[in-house]
There are 2 protein chains.
Amino acid sequence: MSRETALPELRQLRSSIDNIDAALVYLLSERFKCTKRVGALKAEHDLPASDPAREKEQIARLRTLAHDADLDPEFAEKFLTFIITEVIRHHIEAKSA
Amino acid sequence: MSRETALPELRQLRSSIDNIDAALVYLLSERFKCTKRVGALKAEHDLPASDPAREKEQIARLRTLAHDADLDPEFAEKFLTFIITEVIRHHIEAKSA
């Protein structure tokens, strides 16, 4: 393949990456809406803020999904941890607000 | 709201979170398919592996999208950096394979 055909393909791929990124941003926003409500419910009813059993289930489920989707399960777990860290930061900020 | 009404709502929210997480996993897998092909194209045509101008554009675009989606732009930027770090890891692994 010549460089002349490579560049349009690169542009096409980048356009797909940009579309996927937009979808990811909107989904993440929706996810944080859910966790915000979870945080409020837990605070209102004196439910424990963290739930290690639920978290363990989420990790196991996500690893299976990742495997089925041909995504590295290690990465899927790192990704969930990254998101949960942000959720905890939101909860702490909400408490101190 | 009583604890009896809070628990079903919590279950519902968790079910939505699980659905969103599945969508995120499948989208991430699709995104890595694109970046894998980008990596191969770049290697094949001796194009530079990193493209700071493109990355800067991606960050600016994602921050705007995050703002529109009511997501913290700082988080959106951290998220993109997290993903790009994984993409670079893939490229390094592909080169040493």
# chains A, B, ... in the order shown; residues from 1 in each chain; ligands from 1
$ closest_atom_pairs --of "chain A" --to "chain B" --cutoff "6 Å" --atoms "only C-alpha atoms" --output "CSV"
residue,atom,partner,partner_atom,distance
A:Leu13,CA,B:Cys34,CA,5.9
A:Ile17,CA,B:Arg31,CA,5.9
A:Tyr26,CA,B:Ala69,CA,5.8
A:Ser29,CA,B:Leu71,CA,5.2
A:Arg31,CA,B:Ile17,CA,5.9
A:Cys34,CA,B:Leu13,CA,5.9
A:Ala69,CA,B:Tyr26,CA,5.8
A:Leu71,CA,B:Ser29,CA,5.2
$ calpha_fit_and_write --fixed "chain A" --moving "chain B" --output "mmCIF file with N, CA and C atoms, in the first residue's frame"
data_model
loop_
_atom_site.group_PDB
_atom_site.id
_atom_site.type_symbol
_atom_site.label_atom_id
_atom_site.label_comp_id
_atom_site.auth_asym_id
_atom_site.auth_seq_id
_atom_site.Cartn_x
_atom_site.Cartn_y
_atom_site.Cartn_z
ATOM 1 N N MET B 1 0.868 -1.218 -0.030
ATOM 2 C CA MET B 1 0.011 -0.020 -0.028
ATOM 3 C C MET B 1 0.882 1.245 -0.031
ATOM 4 N N SER B 2 0.542 2.199 -0.885
ATOM 5 C CA SER B 2 1.340 3.419 -0.948
ATOM 6 C C SER B 2 0.946 4.362 0.181
ATOM 7 N N ARG B 3 1.810 5.337 0.413
ATOM 8 C CA ARG B 3 1.530 6.334 1.439
ATOM 9 C C ARG B 3 0.257 7.120 1.092
ATOM 10 N N GLU B 4 -0.025 7.268 -0.196
ATOM 11 C CA GLU B 4 -1.212 8.008 -0.664
ATOM 12 C C GLU B 4 -2.507 7.297 -0.267
ATOM 13 N N THR B 5 -2.473 5.962 -0.205
ATOM 14 C CA THR B 5 -3.675 5.240 0.228
ATOM 15 C C THR B 5 -3.691 5.115 1.752
ATOM 16 N N ALA B 6 -2.496 5.177 2.363
ATOM 17 C CA ALA B 6 -2.429 5.040 3.827
ATOM 18 C C ALA B 6 -3.047 6.259 4.516
ATOM 19 N N LEU B 7 -2.781 7.451 3.986
ATOM 20 C CA LEU B 7 -3.260 8.662 4.674
ATOM 21 C C LEU B 7 -4.790 8.765 4.735
ATOM 22 N N PRO B 8 -5.516 8.498 3.646
ATOM 23 C CA PRO B 8 -6.986 8.507 3.785
ATOM 24 C C PRO B 8 -7.482 7.450 4.778
ATOM 25 N N GLU B 9 -6.835 6.290 4.811
ATOM 26 C CA GLU B 9 -7.267 5.263 5.776
ATOM 27 C C GLU B 9 -7.014 5.746 7.206
ATOM 28 N N LEU B 10 -5.871 6.415 7.401
ATOM 29 C CA LEU B 10 -5.555 6.960 8.720
ATOM 30 C C LEU B 10 -6.624 7.981 9.144
ATOM 31 N N ARG B 11 -7.003 8.835 8.207
ATOM 32 C CA ARG B 11 -8.031 9.846 8.506
ATOM 33 C C ARG B 11 -9.358 9.176 8.878
ATOM 34 N N GLN B 12 -9.700 8.126 8.149
ATOM 35 C CA GLN B 12 -10.945 7.393 8.409
ATOM 36 C C GLN B 12 -10.937 6.758 9.807
ATOM 37 N N LEU B 13 -9.791 6.141 10.136
ATOM 38 C CA LEU B 13 -9.671 5.504 11.452
ATOM 39 C C LEU B 13 -9.784 6.545 12.558
ATOM 40 N N ARG B 14 -9.136 7.702 12.342
ATOM 41 C CA ARG B 14 -9.197 8.752 13.357
ATOM 42 C C ARG B 14 -10.616 9.286 13.511
ATOM 43 N N SER B 15 -11.343 9.332 12.428
ATOM 44 C CA SER B 15 -12.734 9.774 12.494
ATOM 45 C C SER B 15 -13.564 8.775 13.321
ATOM 46 N N SER B 16 -13.292 7.473 13.137
ATOM 47 C CA SER B 16 -13.993 6.462 13.952
ATOM 48 C C SER B 16 -13.592 6.588 15.417
ATOM 49 N N ILE B 17 -12.304 6.789 15.669
ATOM 50 C CA ILE B 17 -11.831 6.958 17.059
ATOM 51 C C ILE B 17 -12.533 8.154 17.703
ATOM 52 N N ASP B 18 -12.665 9.255 16.956
ATOM 53 C CA ASP B 18 -13.336 10.448 17.499
ATOM 54 C C ASP B 18 -14.805 10.163 17.807
ATOM 55 N N ASN B 19 -15.465 9.404 16.933
ATOM 56 C CA ASN B 19 -16.871 9.051 17.195
ATOM 57 C C ASN B 19 -16.992 8.184 18.447
ATOM 58 N N ILE B 20 -16.099 7.209 18.563
ATOM 59 C CA ILE B 20 -16.123 6.328 19.734
ATOM 60 C C ILE B 20 -15.864 7.133 21.004
ATOM 61 N N ASP B 21 -14.911 8.069 20.935
ATOM 62 C CA ASP B 21 -14.607 8.884 22.117
ATOM 63 C C ASP B 21 -15.811 9.718 22.547
ATOM 64 N N ALA B 22 -16.551 10.242 21.580
ATOM 65 C CA ALA B 22 -17.749 11.021 21.926
ATOM 66 C C ALA B 22 -18.756 10.115 22.640
ATOM 67 N N ALA B 23 -18.941 8.904 22.111
ATOM 68 C CA ALA B 23 -19.868 7.950 22.741
ATOM 69 C C ALA B 23 -19.399 7.619 24.158
ATOM 70 N N LEU B 24 -18.093 7.427 24.335
ATOM 71 C CA LEU B 24 -17.545 7.109 25.659
ATOM 72 C C LEU B 24 -17.830 8.248 26.649
ATOM 73 N N VAL B 25 -17.628 9.485 26.205
ATOM 74 C CA VAL B 25 -17.856 10.639 27.078
ATOM 75 C C VAL B 25 -19.317 10.694 27.526
ATOM 76 N N TYR B 26 -20.238 10.496 26.589
ATOM 77 C CA TYR B 26 -21.653 10.559 26.953
ATOM 78 C C TYR B 26 -22.053 9.399 27.869
ATOM 79 N N LEU B 27 -21.486 8.230 27.615
ATOM 80 C CA LEU B 27 -21.793 7.083 28.490
ATOM 81 C C LEU B 27 -21.224 7.295 29.886
ATOM 82 N N LEU B 28 -20.008 7.831 29.954
ATOM 83 C CA LEU B 28 -19.398 8.078 31.269
ATOM 84 C C LEU B 28 -20.228 9.093 32.047
ATOM 85 N N SER B 29 -20.718 10.118 31.346
ATOM 86 C CA SER B 29 -21.539 11.115 32.020
ATOM 87 C C SER B 29 -22.798 10.458 32.607
ATOM 88 N N GLU B 30 -23.397 9.573 31.823
ATOM 89 C CA GLU B 30 -24.595 8.861 32.272
ATOM 90 C C GLU B 30 -24.269 7.959 33.472
ATOM 91 N N ARG B 31 -23.104 7.320 33.406
ATOM 92 C CA ARG B 31 -22.678 6.448 34.513
ATOM 93 C C ARG B 31 -22.503 7.255 35.808
ATOM 94 N N PHE B 32 -21.909 8.454 35.700
ATOM 95 C CA PHE B 32 -21.708 9.272 36.897
ATOM 96 C C PHE B 32 -23.044 9.787 37.444
ATOM 97 N N LYS B 33 -24.023 9.991 36.559
ATOM 98 C CA LYS B 33 -25.367 10.365 37.053
ATOM 99 C C LYS B 33 -25.897 9.245 37.955
ATOM 100 N N CYS B 34 -25.710 7.997 37.519
ATOM 101 C CA CYS B 34 -26.177 6.847 38.315
ATOM 102 C C CYS B 34 -25.432 6.761 39.645
ATOM 103 N N THR B 35 -24.103 6.893 39.599
ATOM 104 C CA THR B 35 -23.334 6.732 40.842
ATOM 105 C C THR B 35 -23.599 7.900 41.802
ATOM 106 N N LYS B 36 -23.907 9.072 41.235
ATOM 107 C CA LYS B 36 -24.239 10.222 42.080
ATOM 108 C C LYS B 36 -25.515 9.915 42.867
ATOM 109 N N ARG B 37 -26.493 9.356 42.170
ATOM 110 C CA ARG B 37 -27.759 8.997 42.809
ATOM 111 C C ARG B 37 -27.536 7.866 43.827
ATOM 112 N N VAL B 38 -26.679 6.905 43.485
ATOM 113 C CA VAL B 38 -26.342 5.826 44.424
ATOM 114 C C VAL B 38 -25.748 6.432 45.694
ATOM 115 N N GLY B 39 -24.821 7.376 45.518
ATOM 116 C CA GLY B 39 -24.182 8.028 46.669
ATOM 117 C C GLY B 39 -25.213 8.723 47.544
ATOM 118 N N ALA B 40 -26.150 9.426 46.917
ATOM 119 C CA ALA B 40 -27.179 10.153 47.669
ATOM 120 C C ALA B 40 -28.084 9.175 48.424
ATOM 121 N N LEU B 41 -28.479 8.105 47.752
ATOM 122 C CA LEU B 41 -29.329 7.080 48.391
ATOM 123 C C LEU B 41 -28.634 6.468 49.601
ATOM 124 N N LYS B 42 -27.361 6.147 49.416
ATOM 125 C CA LYS B 42 -26.607 5.523 50.510
ATOM 126 C C LYS B 42 -26.475 6.468 51.694
ATOM 127 N N ALA B 43 -26.215 7.736 51.403
ATOM 128 C CA ALA B 43 -26.056 8.722 52.471
ATOM 129 C C ALA B 43 -27.381 8.897 53.216
ATOM 130 N N GLU B 44 -28.460 8.960 52.438
ATOM 131 C CA GLU B 44 -29.796 9.183 53.000
ATOM 132 C C GLU B 44 -30.232 8.043 53.919
ATOM 133 N N HIS B 45 -29.789 6.823 53.600
ATOM 134 C CA HIS B 45 -30.269 5.649 54.338
ATOM 135 C C HIS B 45 -29.180 4.973 55.164
ATOM 136 N N ASP B 46 -28.111 5.729 55.390
ATOM 137 C CA ASP B 46 -27.003 5.198 56.196
ATOM 138 C C ASP B 46 -26.537 3.824 55.732
ATOM 139 N N LEU B 47 -26.497 3.658 54.411
ATOM 140 C CA LEU B 47 -25.946 2.420 53.866
ATOM 141 C C LEU B 47 -24.437 2.612 53.722
ATOM 142 N N PRO B 48 -23.660 1.557 53.867
ATOM 143 C CA PRO B 48 -22.202 1.721 53.782
ATOM 144 C C PRO B 48 -21.786 2.278 52.412
ATOM 145 N N ALA B 49 -20.833 3.208 52.417
ATOM 146 C CA ALA B 49 -20.412 3.886 51.184
ATOM 147 C C ALA B 49 -19.775 2.904 50.206
ATOM 148 N N SER B 50 -18.950 1.990 50.738
ATOM 149 C CA SER B 50 -18.330 1.033 49.822
ATOM 150 C C SER B 50 -18.929 -0.349 50.052
ATOM 151 N N ASP B 51 -18.894 -1.156 49.012
ATOM 152 C CA ASP B 51 -19.523 -2.472 49.057
ATOM 153 C C ASP B 51 -18.571 -3.444 48.352
ATOM 154 N N PRO B 52 -17.610 -3.995 49.118
ATOM 155 C CA PRO B 52 -16.569 -4.838 48.502
ATOM 156 C C PRO B 52 -17.132 -6.027 47.719
ATOM 157 N N ALA B 53 -18.250 -6.609 48.178
ATOM 158 C CA ALA B 53 -18.819 -7.767 47.476
ATOM 159 C C ALA B 53 -19.312 -7.343 46.091
ATOM 160 N N ARG B 54 -20.016 -6.217 46.052
ATOM 161 C CA ARG B 54 -20.513 -5.689 44.774
ATOM 162 C C ARG B 54 -19.324 -5.382 43.843
ATOM 163 N N GLU B 55 -18.289 -4.781 44.403
ATOM 164 C CA GLU B 55 -17.128 -4.415 43.590
ATOM 165 C C GLU B 55 -16.441 -5.655 43.003
ATOM 166 N N LYS B 56 -16.359 -6.692 43.816
ATOM 167 C CA LYS B 56 -15.739 -7.942 43.360
ATOM 168 C C LYS B 56 -16.543 -8.543 42.199
ATOM 169 N N GLU B 57 -17.882 -8.504 42.356
ATOM 170 C CA GLU B 57 -18.772 -8.988 41.288
ATOM 171 C C GLU B 57 -18.581 -8.192 40.004
ATOM 172 N N GLN B 58 -18.482 -6.859 40.165
ATOM 173 C CA GLN B 58 -18.326 -5.987 38.989
ATOM 174 C C GLN B 58 -17.040 -6.317 38.239
ATOM 175 N N ILE B 59 -15.973 -6.520 39.003
ATOM 176 C CA ILE B 59 -14.675 -6.834 38.382
ATOM 177 C C ILE B 59 -14.755 -8.156 37.623
ATOM 178 N N ALA B 60 -15.330 -9.190 38.279
ATOM 179 C CA ALA B 60 -15.419 -10.509 37.640
ATOM 180 C C ALA B 60 -16.259 -10.427 36.361
ATOM 181 N N ARG B 61 -17.387 -9.706 36.437
ATOM 182 C CA ARG B 61 -18.274 -9.577 35.281
ATOM 183 C C ARG B 61 -17.575 -8.842 34.137
ATOM 184 N N LEU B 62 -16.878 -7.744 34.494
ATOM 185 C CA LEU B 62 -16.210 -6.943 33.467
ATOM 186 C C LEU B 62 -15.084 -7.712 32.798
ATOM 187 N N ARG B 63 -14.392 -8.546 33.573
ATOM 188 C CA ARG B 63 -13.311 -9.357 32.992
ATOM 189 C C ARG B 63 -13.885 -10.362 31.986
ATOM 190 N N THR B 64 -15.037 -10.960 32.319
ATOM 191 C CA THR B 64 -15.679 -11.897 31.389
ATOM 192 C C THR B 64 -16.132 -11.168 30.126
ATOM 193 N N LEU B 65 -16.777 -10.008 30.330
ATOM 194 C CA LEU B 65 -17.227 -9.211 29.179
ATOM 195 C C LEU B 65 -16.046 -8.825 28.295
ATOM 196 N N ALA B 66 -14.951 -8.405 28.940
ATOM 197 C CA ALA B 66 -13.754 -7.989 28.194
ATOM 198 C C ALA B 66 -13.248 -9.156 27.357
ATOM 199 N N HIS B 67 -13.190 -10.319 27.970
ATOM 200 C CA HIS B 67 -12.750 -11.516 27.259
ATOM 201 C C HIS B 67 -13.623 -11.745 26.017
ATOM 202 N N ASP B 68 -14.945 -11.654 26.188
ATOM 203 C CA ASP B 68 -15.873 -11.851 25.067
ATOM 204 C C ASP B 68 -15.703 -10.782 23.986
ATOM 205 N N ALA B 69 -15.333 -9.566 24.428
ATOM 206 C CA ALA B 69 -15.212 -8.448 23.476
ATOM 207 C C ALA B 69 -13.805 -8.355 22.889
ATOM 208 N N ASP B 70 -12.952 -9.320 23.222
ATOM 209 C CA ASP B 70 -11.573 -9.331 22.733
ATOM 210 C C ASP B 70 -10.776 -8.130 23.255
ATOM 211 N N LEU B 71 -11.050 -7.794 24.504
ATOM 212 C CA LEU B 71 -10.337 -6.710 25.184
ATOM 213 C C LEU B 71 -9.538 -7.354 26.324
ATOM 214 N N ASP B 72 -8.346 -6.837 26.591
ATOM 215 C CA ASP B 72 -7.515 -7.382 27.666
ATOM 216 C C ASP B 72 -8.240 -7.277 29.018
ATOM 217 N N PRO B 73 -8.557 -8.415 29.671
ATOM 218 C CA PRO B 73 -9.269 -8.352 30.962
ATOM 219 C C PRO B 73 -8.512 -7.532 32.016
ATOM 220 N N GLU B 74 -7.177 -7.573 31.967
ATOM 221 C CA GLU B 74 -6.379 -6.758 32.899
ATOM 222 C C GLU B 74 -6.692 -5.282 32.712
ATOM 223 N N PHE B 75 -6.788 -4.893 31.434
ATOM 224 C CA PHE B 75 -7.089 -3.486 31.141
ATOM 225 C C PHE B 75 -8.492 -3.133 31.623
ATOM 226 N N ALA B 76 -9.454 -4.037 31.398
ATOM 227 C CA ALA B 76 -10.834 -3.790 31.827
ATOM 228 C C ALA B 76 -10.884 -3.574 33.340
ATOM 229 N N GLU B 77 -10.117 -4.360 34.060
ATOM 230 C CA GLU B 77 -10.087 -4.204 35.519
ATOM 231 C C GLU B 77 -9.450 -2.865 35.912
ATOM 232 N N LYS B 78 -8.333 -2.520 35.257
ATOM 233 C CA LYS B 78 -7.673 -1.224 35.512
ATOM 234 C C LYS B 78 -8.645 -0.081 35.220
ATOM 235 N N PHE B 79 -9.402 -0.248 34.131
ATOM 236 C CA PHE B 79 -10.364 0.771 33.716
ATOM 237 C C PHE B 79 -11.434 0.967 34.796
ATOM 238 N N LEU B 80 -11.990 -0.137 35.289
ATOM 239 C CA LEU B 80 -13.023 -0.042 36.327
ATOM 240 C C LEU B 80 -12.459 0.625 37.588
ATOM 241 N N THR B 81 -11.243 0.258 37.953
ATOM 242 C CA THR B 81 -10.605 0.870 39.124
ATOM 243 C C THR B 81 -10.444 2.373 38.916
ATOM 244 N N PHE B 82 -10.061 2.749 37.705
ATOM 245 C CA PHE B 82 -9.889 4.169 37.356
ATOM 246 C C PHE B 82 -11.214 4.927 37.544
ATOM 247 N N ILE B 83 -12.302 4.318 37.075
ATOM 248 C CA ILE B 83 -13.628 4.952 37.175
ATOM 249 C C ILE B 83 -14.076 5.020 38.637
ATOM 250 N N ILE B 84 -13.882 3.914 39.357
ATOM 251 C CA ILE B 84 -14.329 3.872 40.758
ATOM 252 C C ILE B 84 -13.569 4.903 41.599
ATOM 253 N N THR B 85 -12.293 5.102 41.301
ATOM 254 C CA THR B 85 -11.503 6.126 41.998
ATOM 255 C C THR B 85 -12.160 7.493 41.820
ATOM 256 N N GLU B 86 -12.627 7.759 40.606
ATOM 257 C CA GLU B 86 -13.296 9.046 40.332
ATOM 258 C C GLU B 86 -14.638 9.120 41.076
ATOM 259 N N VAL B 87 -15.355 8.005 41.120
ATOM 260 C CA VAL B 87 -16.641 7.975 41.830
ATOM 261 C C VAL B 87 -16.420 8.307 43.313
ATOM 262 N N ILE B 88 -15.380 7.698 43.897
ATOM 263 C CA ILE B 88 -15.078 7.954 45.310
ATOM 264 C C ILE B 88 -14.732 9.440 45.516
ATOM 265 N N ARG B 89 -13.982 10.011 44.568
ATOM 266 C CA ARG B 89 -13.630 11.438 44.642
ATOM 267 C C ARG B 89 -14.920 12.284 44.641
ATOM 268 N N HIS B 90 -15.874 11.906 43.781
ATOM 269 C CA HIS B 90 -17.157 12.624 43.740
ATOM 270 C C HIS B 90 -17.870 12.551 45.087
ATOM 271 N N HIS B 91 -17.881 11.332 45.674
ATOM 272 C CA HIS B 91 -18.587 11.144 46.940
ATOM 273 C C HIS B 91 -17.952 12.008 48.034
ATOM 274 N N ILE B 92 -16.626 12.040 48.058
ATOM 275 C CA ILE B 92 -15.928 12.836 49.072
ATOM 276 C C ILE B 92 -16.246 14.328 48.869
ATOM 277 N N GLU B 93 -16.228 14.760 47.616
ATOM 278 C CA GLU B 93 -16.543 16.161 47.313
ATOM 279 C C GLU B 93 -17.980 16.500 47.705
ATOM 280 N N ALA B 94 -18.891 15.551 47.447
ATOM 281 C CA ALA B 94 -20.314 15.789 47.764
ATOM 282 C C ALA B 94 -20.500 15.922 49.276
ATOM 283 N N LYS B 95 -19.737 15.118 50.024
ATOM 284 C CA LYS B 95 -19.853 15.167 51.495
ATOM 285 C C LYS B 95 -19.326 16.482 52.059
ATOM 286 N N SER B 96 -18.241 17.006 51.436
ATOM 287 C CA SER B 96 -17.615 18.216 51.969
ATOM 288 C C SER B 96 -18.270 19.479 51.396
ATOM 289 N N ALA B 97 -19.212 19.290 50.461
ATOM 290 C CA ALA B 97 -19.840 20.470 49.815
ATOM 291 C C ALA B 97 -20.866 21.097 50.758
#
